Structure formats: C-alpha cells, structure tokens
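A.B. asks: Structure below; questions to follow.
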There are 2 protein chains.
Amino acid sequence: MKHRRLSERDLISDLEQRFRSSDDRIVLGIGDDAAVIRPGEVPLVLTKDMLVEDVHFFPDHPPELLGRKSLSVNLSDLAAMGARPRFALLGLGLPEDCDRGWVNRYFIGLEEIAAQYDVSLIGGDITASSKVTVSLTLLGEGRHITPRSGARPEDAIYVSGNLGDAAQGLHLAGRGVLWGADRSSDRFLKAYLDPVPRVDLGLKLAAHHAVTAMIDISDGLSVDLGHICEASETGAEVEASSLPISAELLQASPDAEALALHGGEDYELLFTVAPHTIENLTRIQLGCKITRIGSICEGSGMVLVDAEGRRRPLEKNGFQHFRH
Amino acid sequence: MKHRRLSERDLISDLEQRFRSSDDRIVLGIGDDAAVIRPGEVPLVLTKDMLVEDVHFFPDHPPELLGRKSLSVNLSDLAAMGARPRFALLGLGLPEDCDRGWVNRYFIGLEEIAAQYDVSLIGGDITASSKVTVSLTLLGEGRHITPRSGARPEDAIYVSGNLGDAAQGLHLAGRGVLWGADRSSDRFLKAYLDPVPRVDLGLKLAAHHAVTAMIDISDGLSVDLGHICEASETGAEVEASSLPISAELLQASPDAEALALHGGEDYELLFTVAPHTIENLTRIQLGCKITRIGSICEGSGMVLVDAEGRRRPLEKNGFQHFRH
C-alpha cells in the first residue's frame with residue numbers, strides 16, 4: 001500500500017479544496033471517518049456505478065472525460081428515476097505507477113460535471129489497485145419516483161436524443177481512433193467518451209407525472225426496453241423506421257440500425273407514456289428532442305416492425321460493450 | 001463485458017432473494033436504476049471503503065470471511081462516528097474466471113454481518129474487473145456525531161480491545177499460513193480476516209456524550225491517533241506500558257509493541273475523553289474492554305513514554321499494510 005501511504009493524503013486534500021461546498025445540509029464533508037448530511041423531507045435516491053479500466057474504458061480515455069463520464073453515468077441513473085442529484089462519494093482505485101497529472105486531469109473533469117449539476121462531493125476512499133477503478137455513489141432527491149415497473153399496454157414508448165452514436169464511438173475507440181483526430185469521428189467519440197446525462201428531462205417528466213416507466217439506456221435499447229417489459233410484465237413493439245438515428249451515423253455505418261437497437265452507452269432516457277397523457281408532453285418545454293418509437297403491448301415478447309410492416313422478434317442480445 | 005452479460009442478472013436476483021428487507025423506509029430496493037429510501041429525522045452518516053485483491057486481501061482470503069470483512073470495515077467507520085448502520089450499496093468487481101461458488105460464499109458472509117447488524121442491502125453494481133474489487137457504501141444514522149476534531153489537551157486517550165493481533169495475522173497470512181492450520185495462528189488470522197466492528201461501543205459512547213473525538217484504527221494506532229491530533233490541533237502522549245497487547249501476541253512475536261503501535265487492521269475504536277467525564281465512562285455497560293493508553297497534550301507532536309519514563313517521538317510511519 002505504498003501508493004496509499006504516499007499520496008492518499010495529498011489527493012484527499014486536493015479533493016477537499018476542489019469540492020468545498022456551501023450546502024448547509026452537509027454537517028461533515030471530506031476528511032473524517034464518514035460524511036454526515038442533514039436529512040431533507042424528500043425521499044433519497046441512491047445509485048452506484050463502477051467503471052473499470054479495460055472493461056468500461058480504454059487506458060487512453062482522456063482523463064478529464066473519464067472524470068466527467070464517471071459522474072455522468074451515475075447522473076443518468078438518477079435522471080431515469082426523476083431525481084435531483086445532490087451528494088456524491090468517490091471510490092477511486094489507482095495503479096501504483098499512476099501519474100499525479102493524470103489524477104489531476106481526472107479531478108478537473110469530475111469537478112466540471114459536479115459544478116454543472118450542483119453535486120457536492122462529501123467523501124469516499126482512495127486506494128491502490130492494479131487497474132484504474134472508479135466507484136461512485138450518488139445521492140439525489142426524488143419527489144416523484146419513476147421506476148421501471150409502471151408501463152401498461154397501449155402506453156407509447158419514447159426515447160430522448162439519438163441512438164447509436166455512442167456505440168459507433170466505442171467501435172472507433174476500439175480501433176484506436178483518438179479524440180481530436182478528425183471532426184467526423186469526434187462526433188461519435190464524444191457521444192461515447194463524454195455522454196450527456198438527461199437530468200433536466202428526467203426531472204421535468206417526473207414532475208409533470210408524464211411517464212409511467214423510465215430507464216436510462218446504458219446496455220442498449222433492446223436490453224433496457226427488455227428491463228421495462230420484465231419489470232412491468234408487458235411486451236413491446238418498436239417501429240424500426242421511427243428510431244432516432246443521426247444522419248451522420250447513417251452515413252458512417254452500414255450497421256446504424258443495429259447500433260441504435262443494441263449498441264448501448266447512449267445514456268438517453270427511455271420512457272413510456274399513457275395514451276391519455278401524451279398530449280401533456282407537448283405542453284412541457286423538454287429542452288431536447290424526444291421520439292416516439294413504438295408501443296407497450298400485452299404479453300412478454302418484444303417485436304421489431306420494419307417499414308413494410310414485417311414483424312420479427314427484437315432480441316435482447318445486445319452487443320458486448322467492450323470485450324467483443 | 002461477457003461476464004456482466006452472463007451473470008450480472010443472476011447475481012442480482014440472488015442478492016434480491018438474500019437481502020429482502022421489511023424496513024418500511026425502503027421505497028425501492030435492489031433492481032431498478034437506483035434505490036429509494038424515505039428520509040428519517042436523524043442525520044445520515046455515509047461511508048465508503050474499497051477492498052482490492054492483492055492490495056487489501058490475499059487471493060486465498062476465505063470468501064465468507066471477505067464478505068464479512070468488506071461490510072465490517074465500513075461498519076467500523078460508522079462505529080467511529082457513533083452512528084447506527086442502516087443501508088448498504090454493494091459495488092462488486094469480479095474477474096471473468098471467478099467461480100460462482102466463490103461468489104456464493106462471499107454473499108453468505110456478507111449476509112451474516114448484514115443480519116447481525118441489521119443492515120439492509122438496497123442496491124449496487126456488479127461488473128467485470130481484473131481483480132476482485134469490493135466497494136461498499138454504508139449509510140447510517142447518527143444523532144450524536146463524534147468527529148476526529150474534538151480532542152482537547154488533558155483529555156484521556158482510550159482504545160477498545162487489544163492491539164496488534166490483526167497485524168500478526170496479516171504477517172502470518174503473508175507467509176502463507178492458512179486459516180484452520182492451528183489454533184495458535186488462528187487467533188491472529190481471525191483478527192485479521194474477520195475483524196469485529198465496535199458498533200455497539202460507538203453508539204454507547206456517542207449516546208452518553210462520553211467522548212470528545214473518535215476514530216477507528218485501520219491504519220495503525222500511530223497513524224490514526226495522528227489523524228485525531230491533526231484534526232484537533234493537539235499533540236499526544238502514549239504510555240507504552242499501557243498498550244493493550246494480548247499475552248498470546250507477547251509470546252508469539254518479539255515485535256508485539258511495534259505491531260500494536262503501527263500494525264493496523266485492528267478496527268478497534270480510539271477515542272478521547274474529557275477529564276471531568278471520565279467517571280461517566282464507568283457507569284456505562286460498554287460490553288468490551290477499554291484501556292487508557294495516554295493523554296492529549298498541547299502542541300502537535302506525539303510522544304511515546306516507556307516504563308522507565310523515557311520519552312521518544314512516536315512516528316506515524318506505520319507498517320505498510322500489505323505490500324511491505
């Protein structure tokens with residue numbers, strides 16, 4: 001544990017400096033055996049995602065972007081619950097030969113996203129590990145919780161943003177294409193390396209009681225829609241021609257539809273809306289594109305309907321994220 | 001991420017079965033994007049400790065005991081805050097070749113300690129990683145928080161239990177001595193592999209306003225007393241002859257005093273008591289041995305006083321836990 005002894009102290013002081021917070025609910029922040037927060041009145045929503053080098057990201061993932069992404073993927077989970085992010089705990093495992101400059105850049109990225117979404121870092125643990133390992137715990141507050149289990153037959157299925165760009169970015173990163181190499185690949189690399197969590201959208205949808213079920217797309221549309229269907233005990237029909245796929249992806253990849261259906265890493269919100277409340281959606285300033293891609297139906301299977309009306313089973317076997 | 005695809009589902013269902021909870025504050029437990037709990041009235045205390053294979057434990061650490069220890073070390077942090085444990089989130093990184101039986105035994109150990117201390121597992125993340133990595137987040141409630149920073153000159157320094165047994169256990173484990181090999185080594189191996197968090201002691205001391213500062217001894221007495229001194233801006237004097245060292249350790253190791261001072265992994269509570277409240281301590285049924293080992297003093301240095309009254313600086317350079 002030479003690593004820990006040498007620098008844990010220094011790194012924790014650095015975090016303390018960077019993440020000083022004026023949130024008066026923080027009784028005790030970074031630096032003691034545990035953090036202490038005053039309870040609020042609103043239910044607490046808690047999530048925890050681990051990111052491991054060589055499993056979830058390549059060693060050459062730019063550290064600022066990894067700092068951003070490690071918080072963003074957790075923010076995306078809270079967004080899917082319709083919760084407002086508040087407090088984070090950082091678990092960070094660093095190889096002994098890890099460069100202080102790398103860590104600094106990681107912290108800068110983490111700080112950017114924390115500031116943008118008003119998240120206070122209140123504690124955590126820094127230790128040695130063979131591969132860079134980030135385990136972030138994020139706490140938020142959710143007055144109107146939107147679980148996966150509320151979808152009902154006839155509900156419309158919506159998704160935010162575009163699908164498949166991140167999977168194309170992962171594909172490029174896997175072939176060694178670096179960020180900044182050229183503008184056309186950067187669009188996809190950005191979607192993969194630096195996804196934007198749909199926090200405001202999640203809050204708005206929840207506050208307006210606009211959705212019956214919601215999840216974020218981390219494993220791919222087919223897998224995550226499958227999670228909603230399973231939790232809600234329903235089936236689903238997806239119209240292939242409705243999938244929101246960027247013109248750039250259609251041009252760049254012959255597999256655009258498959259990337260959109262199974263690619264994963266999108267961190268868009270997938271949600272269902274009851275027929276009688278669809279009109280309400282139009283009255284909310286959502287701040288981003290949403291697209292109706294199909295409907296919830298009776299039964300348990302998922303079906304993909306093509307432009308000619310042909311139906312085939314929508315398999316949940318997504319692409320493997322990383323280790324193909 | 002083949003590993004994740006193949007078994008994350010199965011492992012999460014297993015956790016759901018094992019950790020069904022009747023706690024009516026859990027609005028949503030394992031299985032959605034995030035967990036949801038109803039807020040209580042008491043401040044929330046949050047801690048997070050990572051344990052990494054080859055850094056914090058040997059690959060042959062019996063999995064049940066690792067399951068127990070991974071929760072116990074977090075319970076120890078809450079104990080040091082005088083908090084009552086309530087909810088846990090489990091982050092678990094498992095190598096692709098990890099055996100299902102190993103995970104099962106890990107879960108059994110985790111379940112034992114969760115049941116014993118009434119902790120509800122409400123969520124987390126299971127993923128692939130090159131080495132077994134456990135990142136547990138534990139939430140508790142603390143009506144009377146006991147930070148590190150409240151020690152004042154003249155306060156008495158106390159420690160629970162015995163010191164150094166766990167460090168001797170680590171020493172034996174590092175030499176390949178296995179659990180169950182013989183009774184004399186098992187005493188030390190147990191202290192290292194399966195430490196007992198002082199949850200009840202922490203709660204009692206906090207409830208009776210008996211302590212001015214408290215910390216748990218994970219890095220070794222010298223390092224952790226140093227943390228109290230730094231946070232409290234004081235110095236300390238420790239009487240070598242007062243250190244609680246087991247007769248077994250004195251017999252087994254010529255370095256017993258050094259192990260007790262610097263060995264770490266004890267997970268005992270180290271706390272300070274104001275002179276006018278020392279008498280109160282005697283009125284509480286503490287349920288375990290506590291020993292007065294010295295006093296807080298002015299200044300910033302730590303001093304070790306031997307049986308002949310000779311004084312020498314008490315260095316904070318603890319042993320390296322694991323990678324010596």
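Going through the structure tokens in order, the chains are called A, B, and so on, while each chain numbers its residues from 1 and the ligands are numbered from 1 in the order shown.
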Counting only C-alpha atoms, which residues in chain A sit no more than 8 Å from chain B? For each one, give the nearest pair of atoms and the distance in Å, sorted by chain then residue number, as JSON lines.

C.D. replies:
```
{"residue": "A:Met1", "atom": "CA", "partner": "B:Arg323", "partner_atom": "CA", "distance": 5.6}
{"residue": "A:Lys2", "atom": "CA", "partner": "B:Gln320", "partner_atom": "CA", "distance": 6.6}
{"residue": "A:Arg5", "atom": "CA", "partner": "B:Gln320", "partner_atom": "CA", "distance": 7.8}
{"residue": "A:Asp32", "atom": "CA", "partner": "B:Arg148", "partner_atom": "CA", "distance": 6.5}
{"residue": "A:Asp33", "atom": "CA", "partner": "B:Asp77", "partner_atom": "CA", "distance": 5.3}
{"residue": "A:Ala34", "atom": "CA", "partner": "B:Thr47", "partner_atom": "CA", "distance": 4.7}
{"residue": "A:Ala35", "atom": "CA", "partner": "B:Leu46", "partner_atom": "CA", "distance": 5.0}
{"residue": "A:Val36", "atom": "CA", "partner": "B:Val45", "partner_atom": "CA", "distance": 4.4}
{"residue": "A:Ile37", "atom": "CA", "partner": "B:Leu44", "partner_atom": "CA", "distance": 5.3}
{"residue": "A:Arg38", "atom": "CA", "partner": "B:Pro43", "partner_atom": "CA", "distance": 4.6}
{"residue": "A:Pro39", "atom": "CA", "partner": "B:Pro43", "partner_atom": "CA", "distance": 5.6}
{"residue": "A:Gly40", "atom": "CA", "partner": "B:Pro39", "partner_atom": "CA", "distance": 6.6}
{"residue": "A:Glu41", "atom": "CA", "partner": "B:Pro39", "partner_atom": "CA", "distance": 6.3}
{"residue": "A:Val42", "atom": "CA", "partner": "B:Pro39", "partner_atom": "CA", "distance": 6.7}
{"residue": "A:Pro43", "atom": "CA", "partner": "B:Arg38", "partner_atom": "CA", "distance": 4.6}
{"residue": "A:Leu44", "atom": "CA", "partner": "B:Ile37", "partner_atom": "CA", "distance": 5.2}
{"residue": "A:Val45", "atom": "CA", "partner": "B:Val36", "partner_atom": "CA", "distance": 4.4}
{"residue": "A:Leu46", "atom": "CA", "partner": "B:Ala35", "partner_atom": "CA", "distance": 5.0}
{"residue": "A:Thr47", "atom": "CA", "partner": "B:Ala34", "partner_atom": "CA", "distance": 4.7}
{"residue": "A:Lys48", "atom": "CA", "partner": "B:Gly124", "partner_atom": "CA", "distance": 5.4}
{"residue": "A:Asp49", "atom": "CA", "partner": "B:Asp125", "partner_atom": "CA", "distance": 5.7}
{"residue": "A:Met50", "atom": "CA", "partner": "B:Asp125", "partner_atom": "CA", "distance": 6.6}
{"residue": "A:Val52", "atom": "CA", "partner": "B:Ser129", "partner_atom": "CA", "distance": 6.2}
{"residue": "A:Glu53", "atom": "CA", "partner": "B:Ser129", "partner_atom": "CA", "distance": 8.0}
{"residue": "A:Val55", "atom": "CA", "partner": "B:Met1", "partner_atom": "CA", "distance": 6.4}
{"residue": "A:Asp77", "atom": "CA", "partner": "B:Asp33", "partner_atom": "CA", "distance": 5.3}
{"residue": "A:Leu78", "atom": "CA", "partner": "B:Ala34", "partner_atom": "CA", "distance": 6.7}
{"residue": "A:Ala80", "atom": "CA", "partner": "B:Asp33", "partner_atom": "CA", "distance": 6.8}
{"residue": "A:Met81", "atom": "CA", "partner": "B:Asp33", "partner_atom": "CA", "distance": 6.9}
{"residue": "A:Leu89", "atom": "CA", "partner": "B:Lys48", "partner_atom": "CA", "distance": 7.3}
{"residue": "A:Gly91", "atom": "CA", "partner": "B:Met50", "partner_atom": "CA", "distance": 6.7}
{"residue": "A:Gly93", "atom": "CA", "partner": "B:Met50", "partner_atom": "CA", "distance": 7.9}
{"residue": "A:Gly123", "atom": "CA", "partner": "B:Thr47", "partner_atom": "CA", "distance": 7.2}
{"residue": "A:Gly124", "atom": "CA", "partner": "B:Lys48", "partner_atom": "CA", "distance": 5.4}
{"residue": "A:Asp125", "atom": "CA", "partner": "B:Asp49", "partner_atom": "CA", "distance": 5.7}
{"residue": "A:Ile126", "atom": "CA", "partner": "B:Met50", "partner_atom": "CA", "distance": 7.8}
{"residue": "A:Thr127", "atom": "CA", "partner": "B:Met50", "partner_atom": "CA", "distance": 7.2}
{"residue": "A:Ala128", "atom": "CA", "partner": "B:Val55", "partner_atom": "CA", "distance": 6.6}
{"residue": "A:Ser129", "atom": "CA", "partner": "B:Val52", "partner_atom": "CA", "distance": 6.2}
{"residue": "A:Ser130", "atom": "CA", "partner": "B:Lys131", "partner_atom": "CA", "distance": 7.5}
{"residue": "A:Lys131", "atom": "CA", "partner": "B:Ser130", "partner_atom": "CA", "distance": 7.5}
{"residue": "A:Ser135", "atom": "CA", "partner": "B:Ser135", "partner_atom": "CA", "distance": 6.7}
{"residue": "A:Thr137", "atom": "CA", "partner": "B:Thr137", "partner_atom": "CA", "distance": 7.3}
{"residue": "A:Pro147", "atom": "CA", "partner": "B:Asp32", "partner_atom": "CA", "distance": 6.6}
{"residue": "A:Arg148", "atom": "CA", "partner": "B:Asp32", "partner_atom": "CA", "distance": 6.5}
{"residue": "A:Ile215", "atom": "CA", "partner": "B:Asp33", "partner_atom": "CA", "distance": 6.7}
{"residue": "A:Asp216", "atom": "CA", "partner": "B:Asp33", "partner_atom": "CA", "distance": 7.7}
{"residue": "A:Gln320", "atom": "CA", "partner": "B:Met1", "partner_atom": "CA", "distance": 5.9}
{"residue": "A:His321", "atom": "CA", "partner": "B:Met1", "partner_atom": "CA", "distance": 6.0}
{"residue": "A:Phe322", "atom": "CA", "partner": "B:Met1", "partner_atom": "CA", "distance": 5.9}
{"residue": "A:Arg323", "atom": "CA", "partner": "B:Met1", "partner_atom": "CA", "distance": 5.4}
{"residue": "A:His324", "atom": "CA", "partner": "B:Met1", "partner_atom": "CA", "distance": 7.6}
```

A.B. asks: Quick one: residues within 12 Å of Leu189 of chain A, only C-alpha atoms, excluding same-chain residues fewer than 3 positions away - as JSON, numbers by chain?

C.D. replies: {"A": [61, 62, 65, 164, 165, 166, 167, 168, 169, 170, 171, 172, 173, 174, 175, 176, 177, 178, 179, 180, 181, 182, 183, 184, 185, 186, 192, 193, 194, 195, 249, 265, 266]}

A.B. asks: Hey, what's within 10 Å of Cys229 of chain A if we count only C-alpha atoms and toss same-chain stuff fewer than 5 positions away? As JSON, numbers by chain, please?

C.D. replies: {"A": [148, 149, 150, 151, 152, 213, 223, 224, 234, 235, 236, 296, 297, 298, 299, 300, 301, 302]}

A.B. asks: Can you tell me, as a PyMOL selection string, what residues are no more than 12 Å from Glu279 of chain B when counting only C-alpha atoms, ignoring any on the same chain fewer than 6 positions away?

C.D. replies: chain B and resi 156+208+210-211+273

A.B. asks: May I have the residues from that selection written out with N, CA and C atoms, as a PDB file, in the first residue's frame?

C.D. replies:
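The resulting out.pdb:
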```pdb
ATOM      1  N   ALA B 156      -8.121  12.204  28.208  1.00  0.00           N
ATOM      2  CA  ALA B 156      -7.521  10.874  28.268  1.00  0.00           C
ATOM      3  C   ALA B 156      -7.742  10.162  26.935  1.00  0.00           C
ATOM      4  N   HIS B 208     -23.907   8.673  25.261  1.00  0.00           N
ATOM      5  CA  HIS B 208     -23.639   9.207  26.600  1.00  0.00           C
ATOM      6  C   HIS B 208     -22.745  10.443  26.553  1.00  0.00           C
ATOM      7  N   ALA B 210     -19.849  10.702  25.874  1.00  0.00           N
ATOM      8  CA  ALA B 210     -18.693  10.343  26.694  1.00  0.00           C
ATOM      9  C   ALA B 210     -17.367  10.694  26.029  1.00  0.00           C
ATOM     10  N   VAL B 211     -17.379  10.945  24.716  1.00  0.00           N
ATOM     11  CA  VAL B 211     -16.091  11.147  24.044  1.00  0.00           C
ATOM     12  C   VAL B 211     -16.021  12.526  23.381  1.00  0.00           C
ATOM     13  N   VAL B 273     -11.407  11.347  25.969  1.00  0.00           N
ATOM     14  CA  VAL B 273     -12.430  11.615  26.978  1.00  0.00           C
ATOM     15  C   VAL B 273     -11.973  12.794  27.832  1.00  0.00           C
TER      16      VAL B 273
END
```

A.B. asks: Which residues are close to Ile108 of chain B, i.e. within 9 Å by only C-alpha atoms, leaving aside same-chain residues fewer than 6 positions away? Reply as a list in words.

C.D. replies: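 Here the answer would be Arg18, Pro63, Glu64, Gly67 and Arg68 of chain B.
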
A.B. asks: Include C-alpha atoms and write out the residues we just selected as a PDB file, in the first residue's frame.

C.D. replies:
```
ATOM      1  CA  ARG B  18     -31.000 -12.959   0.183  1.00  0.00           C
ATOM      2  CA  PRO B  63     -14.683 -15.747   0.626  1.00  0.00           C
ATOM      3  CA  GLU B  64     -17.170 -15.934   3.534  1.00  0.00           C
ATOM      4  CA  GLY B  67     -17.891 -10.998   2.660  1.00  0.00           C
ATOM      5  CA  ARG B  68     -17.958 -10.385   6.396  1.00  0.00           C
TER       6      ARG B  68
END
```

A.B. asks: What's the 9 Å shell around segment 286-288 of chain B, counting only C-alpha atoms, without same-chain residues fewer than 6 positions away, as an MDAnalysis selection string?

C.D. replies: chainID B and resid 160:161 198 200:201 204:205

A.B. asks: For Ile217 of chain A, which residue out of A:Cys98, A:Pro313, A:Val73, A:Ser246 is the nearest one, using only C-alpha atoms?

C.D. replies: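 Between A:Cys98, A:Pro313, A:Val73, A:Ser246, the residue approaching Ile217 of chain A most closely is A:Val73.
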
A.B. asks: What parts of segment 23-243 of chain A does DSSP call helix (DSSP H, G or I)? I'd like the answer as a PyMOL selection string.

C.D. replies: chain A and resi 63-80+100-116+148-150+165-174+183-193+199-207+221-232+240-242

A.B. asks: To one decimal place, how far is atom CA of Pro275 of chain A from atom CA of Glu154 of chain A in Å?

C.D. replies: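 Those two atoms sit 6.6 Å apart.
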
A.B. asks: Identify all residues of segment 132-281 of chain A in strand (DSSP E or B) (DSSP on the backbone) and supply them as an MDAnalysis selection string.

C.D. replies: chainID A and resid 133:141 156:160 213:216 235:239 269:273
